[in-house]
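Structure first, then comments.
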Amino acid sequence: MSEALQILILESDAIVGSDLSDTLARRGYGVLGLADSVERALELLRGRQPDLLLVDLRLGRGDDGIEAAKRLCEVCAAPVVFMTGFSNEESFNRARAVHPAGFLRKPFSAWELQAAVEGAVEHNQLQRDLEERGDRFLNTLKGLNEAVIASDLEGRITFFNSAAESLTACKAEQVIGQALSRVLNVRDHGAEAASSSMKGGAGRVLILTAAEGHEIKIIERSAPLRDEKGEVIGLLTLFRLWEEGLAVDPEGGTDEEAPYVPFCELFEYTEGESREELGPGERVGVERERSSRLIEGITDPLLTLDEGEIVSYANPEASACLSNGEGLLIGQGFRQLFSQSAGDQCGAKLKEVRESGRRQCFEIHDEESERWFELNVYPRAKGWLILLRDATARKQESQLELRAHRLEGLSLLARGFTHDFNNLLTVLIGNLSLIKDRYLDDRGFQSEVTASSLAADQARRLVQQLMTFTKGGVPILTETKVAGVLRRVLEEHRKSHTKIRYQMTCEDPSLRVRIDPEQIALLLENLIKNAEEAMPNGGRLEAVCELSMEDAWLDAVDYEGGDEKAESYVVIKIIDSGHGMDESISTRVFEPYFTTRKEDNASGIGLTVCESIAKAHRGHLDLSSEPGRGTQVNLFLPLELSTDKVGVELDEEEVLVDVRPGIYVENGPVREGAPRILILEDEHLIRQLIVRCLCKQGYEVVESIEGKETIRLYQEAMEIGRPFDLVLSDLTIEGGVGGVEMMESLQVIDPKVRAIVSSGYSDAPAMAKPEEYGFVAVLPKPYPPQDLIRVVKDVLKS
């Protein structure tokens, strides 16, 4: 493109102009000429057409570059780029009158010059193409059989095709520039065409009085005109002769007291706002603002009200929106279309618009239909014009976004909080277990320690629930007998609810499923707790565990964890005989913070946590309930029989073991030939607890507090022939090398290294998929000592 461009330079400084000419030539542009005055530039333009004008904003001898550019643009259609070493708002505003293609601030580089030149020429070419398409479009409109009238935002006619001339008996040259509402003399026919043969949509049946006085039955249809940026620039109105046999919409203006108002009359001035009261600039601004907003809403529900707030006009969109197309809006009171409070709000706003004479935009909530509406109310001579939109979807989306932002903020807060809190709980739970082991003969002391251990374990569960609620609890999957998890949870609840009869049915008690047993136990506890609260006077709670080949529900589920679908599923059903719920409640139970409980501690996150856990397991929760007939919640979990797993395999008996802290170990020195374990843990209290627990089991334990030290110790042990049998690593080391980086180095030193990863960040990738990072097992914090010992023994045994 640059080789073909011809540029005229208008620069009074000869040195600058010469340098500019040389720079353009080196860049491959053609210089049509260098002028130091507008007269010289006009001479150079005789019989020649440049592609671009480069004009200095301040010329010598008192000449003004802006005025010079105006004179040059009168003889050529090239775009203008102004060059200036000065910048002030007054000059900039004056320059805009020339519609320049760009500005170059001196001094500028050769690259900046090239970018400005090519950008200006390209923009000019696009503008020409747009104008050519516009000409072709106008020629098409001129040849249409339908009458086509275009008007600008002031409501003045800008286009009038030959069909419009024939229909109205007016000539285009007579009406161009006149107000649309004064040229089109129409009135309501008393019916509306619900559909017509005109392509593009329905129209309205009107009576048009032509210039010669005879009346014609026509169909009117209007649409906004927009530029290439989508900005509204005018109105396009189409007419055609009405034909017999067309369907008629009953929402017509048949009532003489509530006549149909043609859209062209919406441009009329309101009382108290005459042309004489406003200056020319103010009048255009007011007119443009009102007209633009009216046109933009033309496809939205539109109504006009008389002075008594009675609907005098309603387009089909308004009828569909407010009456579902089943009833007439014309003749009804506007307030009565909404609930009491929403109607009162509308009445107050209508009064404000009438008193101020200005547009009002506001939102209302209709409690009866549970819908939100956005209203733009404009004053009219004898009433109001209202553009209305159903804002329910936008409001719901906004509420979901707000809820998501809150959850995201809570998640960030919870992540840091739970990591530190889990570390503290690890120390607390572990030391309580050691204390309990030391004072076995003191029953009173044992009871107190047990109570403290139970409280610490409840704190651990609360932290886990918080992380799951904020989408931070990534499940650590192990093959587990799901019936054992269900039985343990039921047994815990049976002890404290003697009025409820519990029943459990399991199709295959030995069935194993890849789940996080802690998270599934938490899910089941929440479901069972809700069922118990629905039966305050007692009842029946049934838990069913069975296989299902049904996967129809997956069509509607966007579960986490990939797009693969299992061939079969485990279904756990929790069924109660409680009071049940109606549809208005049952459809919202999984929403965060939604609760029907009145207690101060009711959080409304229990079922949200359950749903998060189910989705994290690539599963789904389904709830059905009827008032007075109880509730049933189904948990679907994909059945995966793969044995390619990482983690500890949990037997039913292990799952049923009381998870309360408590460890009974024998003291003794390190056994000869005992396994050697290398620990990476930067928290002193946790490291001390781990060492004490493992040493009591007879293991040889070596400590390290930073990943580089761990790597050094491991390599030295390999070199002297005393390798470590196991590495127990914390995932995150503050200010140092953590578990993942350490493991990468250890795998280079020893490809057969065996390591367990531990962390209070349950959502860390290495905790969810340890095998991808070289670990053979995971140990989530907080953990009681018996879990630590069990995992270590299982890994060493393997």
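By convention here, the chains of the structure tokens are called A, B, ... in the order presented, each chain's residues are numbered starting at 1, and ligands are numbered starting at 1 in the order presented.
Excluding stretch 729-738 of chain A and any residue on its chain fewer than 2 positions from it, the residues at most 7 Å away by only C-alpha atoms are Ile679, Leu680, Glu681, Asp682, Glu706, Gly707, Lys708, Val727, Val740, Glu741, Met742, Ile756, Val757, Ser758 and Ser759 of chain A.
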For A:Thr631: contacts at 9 Å, only C-alpha atoms, fewer than 2 positions along chain excluded, given as a PyMOL selection string: chain A and resi 531+534+574-581+623-627+629+633
Report the residues of stretch 53-105 of chain A whose backbone DSSP state falls under alpha helix (DSSP H), written as a tab-separated table (two decimals) with all heavy atoms, in the first residue's frame.
chain	number	residue	atom	x	y	z
A	65	GLY	N	-3.30	26.60	10.00
A	65	GLY	CA	-3.34	25.30	9.35
A	65	GLY	C	-4.74	24.72	9.26
A	65	GLY	O	-5.07	24.00	8.31
A	66	ILE	N	-5.57	25.04	10.23
A	66	ILE	CA	-6.94	24.50	10.22
A	66	ILE	C	-7.74	25.11	9.08
A	66	ILE	O	-8.43	24.39	8.34
A	66	ILE	CB	-7.61	24.76	11.58
A	66	ILE	CG1	-6.84	24.04	12.70
A	66	ILE	CG2	-9.06	24.30	11.57
A	66	ILE	CD1	-7.32	24.37	14.09
A	67	GLU	N	-7.66	26.43	8.93
A	67	GLU	CA	-8.37	27.09	7.84
A	67	GLU	C	-7.80	26.64	6.50
A	67	GLU	O	-8.54	26.48	5.52
A	67	GLU	CB	-8.26	28.61	7.98
A	67	GLU	CG	-8.99	29.16	9.19
A	67	GLU	CD	-10.47	28.85	9.15
A	67	GLU	OE1	-11.06	28.86	8.04
A	67	GLU	OE2	-11.05	28.59	10.23
A	68	ALA	N	-6.48	26.44	6.43
A	68	ALA	CA	-5.86	25.97	5.19
A	68	ALA	C	-6.39	24.58	4.82
A	68	ALA	O	-6.68	24.30	3.64
A	68	ALA	CB	-4.34	25.94	5.34
A	69	ALA	N	-6.52	23.69	5.84
A	69	ALA	CA	-7.02	22.34	5.58
A	69	ALA	C	-8.45	22.38	5.06
A	69	ALA	O	-8.83	21.60	4.19
A	69	ALA	CB	-6.94	21.51	6.85
A	70	LYS	N	-9.26	23.31	5.59
A	70	LYS	CA	-10.63	23.44	5.10
A	70	LYS	C	-10.66	23.80	3.62
A	70	LYS	O	-11.43	23.24	2.84
A	70	LYS	CB	-11.38	24.50	5.92
A	70	LYS	CG	-11.70	24.10	7.34
A	70	LYS	CD	-12.46	25.22	8.06
A	70	LYS	CE	-12.79	24.83	9.50
A	70	LYS	NZ	-13.51	25.93	10.20
A	71	ARG	N	-9.78	24.75	3.19
A	71	ARG	CA	-9.74	25.15	1.79
A	71	ARG	C	-9.26	24.01	0.91
A	71	ARG	O	-9.78	23.79	-0.19
A	71	ARG	CB	-8.83	26.38	1.63
A	71	ARG	CG	-9.39	27.64	2.29
A	71	ARG	CD	-8.44	28.80	2.09
A	71	ARG	NE	-8.28	29.11	0.66
A	71	ARG	CZ	-7.44	30.04	0.18
A	71	ARG	NH1	-6.69	30.75	1.05
A	71	ARG	NH2	-7.34	30.26	-1.12
A	72	LEU	N	-8.28	23.26	1.38
A	72	LEU	CA	-7.78	22.13	0.59
A	72	LEU	C	-8.82	21.03	0.44
A	72	LEU	O	-8.94	20.40	-0.61
A	72	LEU	CB	-6.51	21.56	1.24
A	72	LEU	CG	-5.29	22.49	1.29
A	72	LEU	CD1	-4.13	21.80	1.98
A	72	LEU	CD2	-4.88	22.91	-0.12
A	73	CYS	N	-9.60	20.78	1.51
A	73	CYS	CA	-10.63	19.73	1.45
A	73	CYS	C	-11.77	20.09	0.51
A	73	CYS	O	-12.53	19.22	0.09
A	73	CYS	CB	-11.18	19.47	2.85
A	73	CYS	SG	-10.01	18.63	3.94
A	74	GLU	N	-11.90	21.39	0.16
A	74	GLU	CA	-12.93	21.80	-0.78
A	74	GLU	C	-12.61	21.38	-2.21
A	74	GLU	O	-13.50	21.25	-3.05
A	74	GLU	CB	-13.12	23.32	-0.72
A	74	GLU	CG	-13.72	23.81	0.59
A	74	GLU	CD	-13.77	25.32	0.66
A	74	GLU	OE1	-13.27	25.97	-0.30
A	74	GLU	OE2	-14.29	25.85	1.66
A	75	VAL	N	-11.32	21.16	-2.50
A	75	VAL	CA	-10.91	20.81	-3.87
A	75	VAL	C	-10.44	19.36	-3.99
A	75	VAL	O	-10.20	18.89	-5.10
A	75	VAL	CB	-9.80	21.76	-4.36
A	75	VAL	CG1	-10.29	23.19	-4.41
A	75	VAL	CG2	-8.56	21.64	-3.48
A	89	GLU	N	-6.64	22.76	24.15
A	89	GLU	CA	-8.00	22.27	23.91
A	89	GLU	C	-8.71	23.07	22.84
A	89	GLU	O	-9.46	22.52	22.02
A	89	GLU	CB	-8.79	22.32	25.22
A	89	GLU	CG	-10.17	21.68	25.13
A	89	GLU	CD	-10.86	21.63	26.48
A	89	GLU	OE1	-10.23	22.01	27.49
A	89	GLU	OE2	-12.04	21.22	26.51
A	90	GLU	N	-8.47	24.39	22.79
A	90	GLU	CA	-9.16	25.23	21.80
A	90	GLU	C	-8.77	24.84	20.38
A	90	GLU	O	-9.63	24.67	19.51
A	90	GLU	CB	-8.82	26.70	22.05
A	90	GLU	CG	-9.50	27.65	21.08
A	90	GLU	CD	-9.09	29.09	21.31
A	90	GLU	OE1	-8.30	29.35	22.24
A	90	GLU	OE2	-9.56	29.96	20.54
A	91	SER	N	-7.46	24.64	20.15
A	91	SER	CA	-7.01	24.25	18.81
A	91	SER	C	-7.53	22.86	18.45
A	91	SER	O	-7.92	22.60	17.29
A	91	SER	CB	-5.48	24.27	18.75
A	91	SER	OG	-4.98	25.57	18.97
A	92	PHE	N	-7.52	21.98	19.42
A	92	PHE	CA	-8.01	20.62	19.16
A	92	PHE	C	-9.49	20.63	18.76
A	92	PHE	O	-9.89	19.97	17.81
A	92	PHE	CB	-7.81	19.76	20.40
A	92	PHE	CG	-8.32	18.36	20.26
A	92	PHE	CD1	-7.64	17.42	19.50
A	92	PHE	CD2	-9.51	17.97	20.87
A	92	PHE	CE1	-8.12	16.13	19.36
A	92	PHE	CE2	-9.99	16.68	20.74
A	92	PHE	CZ	-9.29	15.76	19.98
A	93	ASN	N	-10.29	21.40	19.47
A	93	ASN	CA	-11.72	21.46	19.15
A	93	ASN	C	-11.96	22.09	17.79
A	93	ASN	O	-12.85	21.68	17.04
A	93	ASN	CB	-12.46	22.25	20.24
A	93	ASN	CG	-12.52	21.50	21.55
A	93	ASN	OD1	-12.49	20.27	21.57
A	93	ASN	ND2	-12.60	22.22	22.66
A	94	ARG	N	-11.16	23.13	17.44
A	94	ARG	CA	-11.29	23.74	16.11
A	94	ARG	C	-10.90	22.76	15.02
A	94	ARG	O	-11.52	22.70	13.96
A	94	ARG	CB	-10.42	25.00	16.03
A	94	ARG	CG	-10.95	26.17	16.84
A	94	ARG	CD	-10.05	27.39	16.70
A	94	ARG	NE	-9.89	27.75	15.29
A	94	ARG	CZ	-8.71	27.81	14.66
A	94	ARG	NH1	-7.59	27.52	15.33
A	94	ARG	NH2	-8.65	28.16	13.40
A	95	ALA	N	-9.85	21.99	15.28
A	95	ALA	CA	-9.38	21.03	14.28
A	95	ALA	C	-10.40	19.93	14.02
A	95	ALA	O	-10.48	19.39	12.91
A	95	ALA	CB	-8.05	20.42	14.73
A	96	ARG	N	-11.18	19.60	15.02
A	96	ARG	CA	-12.17	18.53	14.85
A	96	ARG	C	-13.22	18.89	13.81
A	96	ARG	O	-13.84	18.00	13.23
A	96	ARG	CB	-12.86	18.25	16.19
A	96	ARG	CG	-11.93	17.58	17.20
A	96	ARG	CD	-12.62	17.39	18.53
A	96	ARG	NE	-13.78	16.52	18.42
A	96	ARG	CZ	-14.60	16.24	19.44
A	96	ARG	NH1	-14.36	16.79	20.62
A	96	ARG	NH2	-15.63	15.45	19.27
List the spatial neighbours of stretch 23-29 of chain A as a short mmCIF file (atom, residue, chain, number, x, y, z; two decimals) with all heavy atoms, in the first residue's frame - criterion: any atom at most 12 Å away, only C-alpha atoms, same-chain residues fewer than 5 positions off excluded.
data_model
loop_
_atom_site.label_atom_id
_atom_site.label_comp_id
_atom_site.auth_asym_id
_atom_site.auth_seq_id
_atom_site.Cartn_x
_atom_site.Cartn_y
_atom_site.Cartn_z
N MET A 1 0.84 -1.20 0.00
CA MET A 1 0.00 0.00 0.00
C MET A 1 0.87 1.24 0.00
O MET A 1 0.58 2.24 -0.66
CB MET A 1 -0.93 0.00 1.22
CG MET A 1 -1.82 1.23 1.31
SD MET A 1 -2.93 1.16 2.75
CE MET A 1 -1.75 1.36 4.07
N SER A 2 2.03 1.23 0.74
CA SER A 2 2.84 2.43 0.88
C SER A 2 3.43 2.89 -0.44
O SER A 2 3.64 4.08 -0.64
CB SER A 2 3.94 2.19 1.90
OG SER A 2 4.77 1.12 1.49
N GLU A 3 3.73 2.00 -1.38
CA GLU A 3 4.34 2.39 -2.65
C GLU A 3 3.38 3.21 -3.50
O GLU A 3 3.82 4.01 -4.33
CB GLU A 3 4.79 1.14 -3.42
CG GLU A 3 5.88 0.37 -2.70
CD GLU A 3 6.29 -0.87 -3.47
OE1 GLU A 3 5.68 -1.14 -4.53
OE2 GLU A 3 7.21 -1.56 -3.01
N ALA A 4 2.11 3.04 -3.35
CA ALA A 4 1.13 3.71 -4.21
C ALA A 4 0.66 5.04 -3.64
O ALA A 4 -0.01 5.80 -4.32
CB ALA A 4 -0.07 2.81 -4.45
N LEU A 5 0.97 5.34 -2.37
CA LEU A 5 0.42 6.53 -1.74
C LEU A 5 1.12 7.80 -2.21
O LEU A 5 2.36 7.86 -2.29
CB LEU A 5 0.55 6.42 -0.22
CG LEU A 5 -0.24 5.29 0.45
CD1 LEU A 5 -0.06 5.36 1.95
CD2 LEU A 5 -1.69 5.37 0.09
N GLN A 6 0.32 8.81 -2.52
CA GLN A 6 0.82 10.13 -2.90
C GLN A 6 0.41 11.12 -1.81
O GLN A 6 -0.77 11.24 -1.49
CB GLN A 6 0.26 10.55 -4.25
CG GLN A 6 0.71 9.68 -5.42
CD GLN A 6 2.22 9.75 -5.63
OE1 GLN A 6 2.79 10.85 -5.62
NE2 GLN A 6 2.86 8.59 -5.83
N ILE A 7 1.40 11.85 -1.26
CA ILE A 7 1.16 12.70 -0.10
C ILE A 7 1.55 14.14 -0.42
O ILE A 7 2.63 14.39 -0.97
CB ILE A 7 1.96 12.19 1.11
CG1 ILE A 7 1.57 10.74 1.43
CG2 ILE A 7 1.72 13.07 2.34
CD1 ILE A 7 2.43 10.09 2.49
N LEU A 8 0.67 15.07 -0.06
CA LEU A 8 0.96 16.49 -0.17
C LEU A 8 1.29 17.02 1.22
O LEU A 8 0.53 16.82 2.16
CB LEU A 8 -0.23 17.26 -0.75
CG LEU A 8 -0.06 18.78 -0.82
CD1 LEU A 8 1.06 19.15 -1.80
CD2 LEU A 8 -1.36 19.45 -1.21
N ILE A 9 2.44 17.73 1.32
CA ILE A 9 2.90 18.26 2.61
C ILE A 9 2.70 19.77 2.63
O ILE A 9 3.15 20.47 1.70
CB ILE A 9 4.39 17.92 2.84
CG1 ILE A 9 4.63 16.41 2.75
CG2 ILE A 9 4.84 18.45 4.20
CD1 ILE A 9 6.09 16.02 2.78
N VAL A 16 12.17 21.51 8.22
CA VAL A 16 11.29 20.43 8.68
C VAL A 16 10.60 19.77 7.49
O VAL A 16 10.48 18.54 7.41
CB VAL A 16 10.25 20.97 9.69
CG1 VAL A 16 9.25 19.89 10.05
CG2 VAL A 16 10.94 21.49 10.93
N GLY A 17 10.10 20.59 6.55
CA GLY A 17 9.42 20.05 5.39
C GLY A 17 10.31 19.18 4.55
O GLY A 17 9.90 18.11 4.07
N SER A 18 11.57 19.60 4.35
CA SER A 18 12.51 18.80 3.55
C SER A 18 12.81 17.47 4.24
O SER A 18 12.86 16.42 3.59
CB SER A 18 13.79 19.61 3.34
OG SER A 18 14.75 18.83 2.64
N LEU A 34 5.79 19.73 -1.80
CA LEU A 34 6.02 20.37 -0.51
C LEU A 34 5.65 21.84 -0.64
O LEU A 34 6.25 22.58 -1.41
CB LEU A 34 7.49 20.22 -0.10
CG LEU A 34 7.93 20.96 1.17
CD1 LEU A 34 7.13 20.50 2.38
CD2 LEU A 34 9.43 20.75 1.41
N PRO A 50 -4.22 13.78 -4.30
CA PRO A 50 -3.35 13.08 -3.34
C PRO A 50 -4.15 12.05 -2.54
O PRO A 50 -5.37 12.09 -2.47
CB PRO A 50 -2.85 14.20 -2.44
CG PRO A 50 -3.97 15.19 -2.44
CD PRO A 50 -4.58 15.13 -3.82
N ASP A 51 -3.40 11.14 -1.92
CA ASP A 51 -4.04 10.16 -1.03
C ASP A 51 -4.10 10.67 0.41
O ASP A 51 -4.88 10.17 1.21
CB ASP A 51 -3.26 8.84 -1.06
CG ASP A 51 -3.30 8.18 -2.43
OD1 ASP A 51 -4.39 7.83 -2.86
OD2 ASP A 51 -2.22 8.04 -3.04
N LEU A 52 -3.27 11.69 0.72
CA LEU A 52 -3.22 12.19 2.09
C LEU A 52 -2.68 13.61 2.09
O LEU A 52 -1.80 13.96 1.29
CB LEU A 52 -2.32 11.28 2.95
CG LEU A 52 -2.15 11.66 4.42
CD1 LEU A 52 -3.45 11.46 5.17
CD2 LEU A 52 -1.02 10.85 5.07
N LEU A 54 -0.73 16.14 4.69
CA LEU A 54 -0.03 16.35 5.96
C LEU A 54 0.07 17.86 6.16
O LEU A 54 0.77 18.55 5.41
CB LEU A 54 1.37 15.73 5.92
CG LEU A 54 1.48 14.23 6.18
CD1 LEU A 54 2.92 13.76 6.01
CD2 LEU A 54 0.99 13.89 7.58
N PHE A 108 8.21 13.57 16.18
CA PHE A 108 7.72 12.20 16.05
C PHE A 108 8.74 11.38 15.27
O PHE A 108 9.53 11.91 14.49
CB PHE A 108 6.35 12.16 15.37
CG PHE A 108 6.26 12.99 14.12
CD1 PHE A 108 6.75 12.53 12.91
CD2 PHE A 108 5.68 14.26 14.15
CE1 PHE A 108 6.66 13.30 11.76
CE2 PHE A 108 5.60 15.04 13.01
CZ PHE A 108 6.08 14.55 11.80
N SER A 109 8.71 10.06 15.51
CA SER A 109 9.65 9.17 14.85
C SER A 109 9.15 8.77 13.48
O SER A 109 7.98 9.01 13.12
CB SER A 109 9.86 7.91 15.70
OG SER A 109 8.66 7.15 15.75
N ALA A 110 10.03 8.16 12.70
CA ALA A 110 9.65 7.69 11.37
C ALA A 110 8.56 6.61 11.45
O ALA A 110 7.66 6.56 10.62
CB ALA A 110 10.88 7.14 10.63
N TRP A 111 8.63 5.76 12.49
CA TRP A 111 7.63 4.72 12.65
C TRP A 111 6.26 5.32 13.00
O TRP A 111 5.22 4.86 12.51
CB TRP A 111 8.05 3.72 13.73
CG TRP A 111 9.16 2.83 13.30
CD1 TRP A 111 10.46 2.86 13.69
CD2 TRP A 111 9.07 1.76 12.35
NE1 TRP A 111 11.19 1.89 13.07
CE2 TRP A 111 10.35 1.18 12.22
CE3 TRP A 111 8.03 1.24 11.59
CZ2 TRP A 111 10.63 0.11 11.39
CZ3 TRP A 111 8.29 0.15 10.74
CH2 TRP A 111 9.58 -0.39 10.63
N GLU A 112 6.27 6.35 13.85
CA GLU A 112 5.02 7.02 14.19
C GLU A 112 4.41 7.69 12.97
O GLU A 112 3.19 7.67 12.78
CB GLU A 112 5.27 8.05 15.29
CG GLU A 112 5.59 7.44 16.65
CD GLU A 112 5.99 8.48 17.67
OE1 GLU A 112 6.67 9.45 17.29
OE2 GLU A 112 5.63 8.32 18.86
N LEU A 113 5.28 8.27 12.12
CA LEU A 113 4.80 8.89 10.89
C LEU A 113 4.16 7.86 9.98
O LEU A 113 3.07 8.07 9.43
CB LEU A 113 5.96 9.59 10.19
CG LEU A 113 5.67 10.18 8.80
CD1 LEU A 113 4.61 11.26 8.88
CD2 LEU A 113 6.95 10.72 8.16
N GLN A 114 4.83 6.73 9.80
CA GLN A 114 4.30 5.69 8.92
C GLN A 114 2.97 5.15 9.45
O GLN A 114 2.03 4.94 8.67
CB GLN A 114 5.31 4.55 8.79
CG GLN A 114 4.83 3.43 7.86
CD GLN A 114 5.89 2.35 7.67
OE1 GLN A 114 7.01 2.49 8.13
NE2 GLN A 114 5.53 1.29 6.98
N ALA A 115 2.90 4.94 10.75
CA ALA A 115 1.65 4.42 11.32
C ALA A 115 0.51 5.40 11.11
O ALA A 115 -0.63 5.01 10.78
CB ALA A 115 1.84 4.14 12.81
N ALA A 116 0.77 6.70 11.30
CA ALA A 116 -0.27 7.71 11.12
C ALA A 116 -0.71 7.79 9.67
O ALA A 116 -1.91 7.90 9.37
CB ALA A 116 0.23 9.07 11.60
N VAL A 117 0.25 7.73 8.74
CA VAL A 117 -0.08 7.82 7.31
C VAL A 117 -0.94 6.64 6.87
O VAL A 117 -2.01 6.81 6.27
CB VAL A 117 1.22 7.90 6.47
CG1 VAL A 117 0.92 7.69 5.00
CG2 VAL A 117 1.91 9.24 6.69
N GLU A 118 -0.48 5.44 7.15
CA GLU A 118 -1.21 4.27 6.68
C GLU A 118 -2.55 4.12 7.40
O GLU A 118 -3.54 3.71 6.79
CB GLU A 118 -0.35 3.02 6.88
CG GLU A 118 0.92 3.04 6.05
CD GLU A 118 1.61 1.69 6.02
OE1 GLU A 118 1.08 0.74 6.65
OE2 GLU A 118 2.65 1.58 5.36
#
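Comparing A:Ile364, A:Gln632, A:Val485, A:Glu583 by their smallest distance to A:Leu527, the closest is A:Gln632 (using only C-alpha atoms).
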For A:Val449: contacts at 8 Å, only C-alpha atoms, fewer than 4 positions along chain excluded, given as an MDAnalysis selection string: chainID A and resid 432 435:436 445 453
Filtering to N, CA and C atoms, could you give me those residues as a PDB file, in the first residue's frame?
ATOM      1  N   LEU A 432      -2.944 -34.222  71.937  1.00  0.00           N
ATOM      2  CA  LEU A 432      -4.006 -34.785  72.771  1.00  0.00           C
ATOM      3  C   LEU A 432      -3.954 -36.300  72.753  1.00  0.00           C
ATOM      4  N   ILE A 435      -0.996 -37.371  74.914  1.00  0.00           N
ATOM      5  CA  ILE A 435      -1.316 -37.200  76.338  1.00  0.00           C
ATOM      6  C   ILE A 435      -2.243 -38.313  76.819  1.00  0.00           C
ATOM      7  N   LYS A 436      -3.218 -38.628  76.007  1.00  0.00           N
ATOM      8  CA  LYS A 436      -4.161 -39.691  76.368  1.00  0.00           C
ATOM      9  C   LYS A 436      -3.433 -41.015  76.530  1.00  0.00           C
ATOM     10  N   PHE A 445      -9.067 -38.146  83.835  1.00  0.00           N
ATOM     11  CA  PHE A 445      -8.253 -37.393  82.885  1.00  0.00           C
ATOM     12  C   PHE A 445      -8.510 -37.877  81.461  1.00  0.00           C
ATOM     13  N   SER A 453     -10.522 -33.902  72.501  1.00  0.00           N
ATOM     14  CA  SER A 453     -10.243 -34.480  71.189  1.00  0.00           C
ATOM     15  C   SER A 453     -11.458 -34.408  70.275  1.00  0.00           C
TER      16      SER A 453
END
Residue neighbourhood A:Thr84, 6 Å, only C-alpha atoms, exclusion window fewer than 5 positions, as a VMD selection string: chain A and resid 56 to 57 105 to 106
What does the file look like for those residues with all heavy atoms, as a PDB file, in the first residue's frame?
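Dumped to again.pdb:
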ATOM      1  N   ASP A  56       0.707  21.230   8.749  1.00  0.00           N
ATOM      2  CA  ASP A  56       1.159  21.774  10.021  1.00  0.00           C
ATOM      3  C   ASP A  56       0.039  22.633  10.609  1.00  0.00           C
ATOM      4  O   ASP A  56      -0.600  23.413   9.897  1.00  0.00           O
ATOM      5  CB  ASP A  56       2.422  22.610   9.808  1.00  0.00           C
ATOM      6  CG  ASP A  56       3.059  23.001  11.132  1.00  0.00           C
ATOM      7  OD1 ASP A  56       2.638  22.452  12.177  1.00  0.00           O
ATOM      8  OD2 ASP A  56       3.953  23.865  11.118  1.00  0.00           O
ATOM      9  N   LEU A  57      -0.206  22.477  11.908  1.00  0.00           N
ATOM     10  CA  LEU A  57      -1.316  23.190  12.527  1.00  0.00           C
ATOM     11  C   LEU A  57      -1.055  24.692  12.588  1.00  0.00           C
ATOM     12  O   LEU A  57      -1.987  25.495  12.509  1.00  0.00           O
ATOM     13  CB  LEU A  57      -1.555  22.638  13.940  1.00  0.00           C
ATOM     14  CG  LEU A  57      -2.947  22.824  14.537  1.00  0.00           C
ATOM     15  CD1 LEU A  57      -4.010  22.145  13.696  1.00  0.00           C
ATOM     16  CD2 LEU A  57      -2.990  22.270  15.963  1.00  0.00           C
ATOM     17  N   ARG A 105       2.131  14.537  17.057  1.00  0.00           N
ATOM     18  CA  ARG A 105       2.741  15.491  17.970  1.00  0.00           C
ATOM     19  C   ARG A 105       4.243  15.559  17.709  1.00  0.00           C
ATOM     20  O   ARG A 105       4.952  14.551  17.781  1.00  0.00           O
ATOM     21  CB  ARG A 105       2.464  15.065  19.420  1.00  0.00           C
ATOM     22  CG  ARG A 105       3.132  15.936  20.465  1.00  0.00           C
ATOM     23  CD  ARG A 105       2.459  17.280  20.564  1.00  0.00           C
ATOM     24  NE  ARG A 105       3.092  18.125  21.561  1.00  0.00           N
ATOM     25  CZ  ARG A 105       2.783  18.125  22.852  1.00  0.00           C
ATOM     26  NH1 ARG A 105       1.843  17.295  23.304  1.00  0.00           N
ATOM     27  NH2 ARG A 105       3.384  18.927  23.687  1.00  0.00           N
ATOM     28  N   LYS A 106       4.753  16.738  17.369  1.00  0.00           N
ATOM     29  CA  LYS A 106       6.181  16.921  17.121  1.00  0.00           C
ATOM     30  C   LYS A 106       6.940  16.934  18.442  1.00  0.00           C
ATOM     31  O   LYS A 106       6.434  17.494  19.444  1.00  0.00           O
ATOM     32  CB  LYS A 106       6.426  18.243  16.386  1.00  0.00           C
ATOM     33  CG  LYS A 106       5.824  18.326  14.997  1.00  0.00           C
ATOM     34  CD  LYS A 106       6.109  19.694  14.398  1.00  0.00           C
ATOM     35  CE  LYS A 106       5.512  19.850  12.999  1.00  0.00           C
ATOM     36  NZ  LYS A 106       5.770  21.185  12.425  1.00  0.00           N
TER      37      LYS A 106
END
Contacts of A:Arg460 at 9 Å (only C-alpha atoms; same-chain gap of 3+ positions) as JSON, numbers by chain: {"A": [421, 422, 425, 455, 456, 457, 463, 464, 465, 781, 782, 783]}
For A:Met743: contacts at 8 Å, only C-alpha atoms, fewer than 5 positions along chain excluded, given as a ChimeraX atom specification: /A:773-775
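Candidate residues A:Asp63, A:Ala179, A:Gly698, A:Asn145 were compared for distance to A:Ile157, and the nearest is A:Ala179, using only C-alpha atoms.
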Nearest residue to A:Ala314 from the set A:Gly347, A:Gly331, A:Pro100, A:Gly444 (distances using only C-alpha atoms): A:Gly331
A:His617, A:Lys349, A:Arg58, A:Arg487 ranked by distance to A:Val513, top pick (using only C-alpha atoms): A:His617
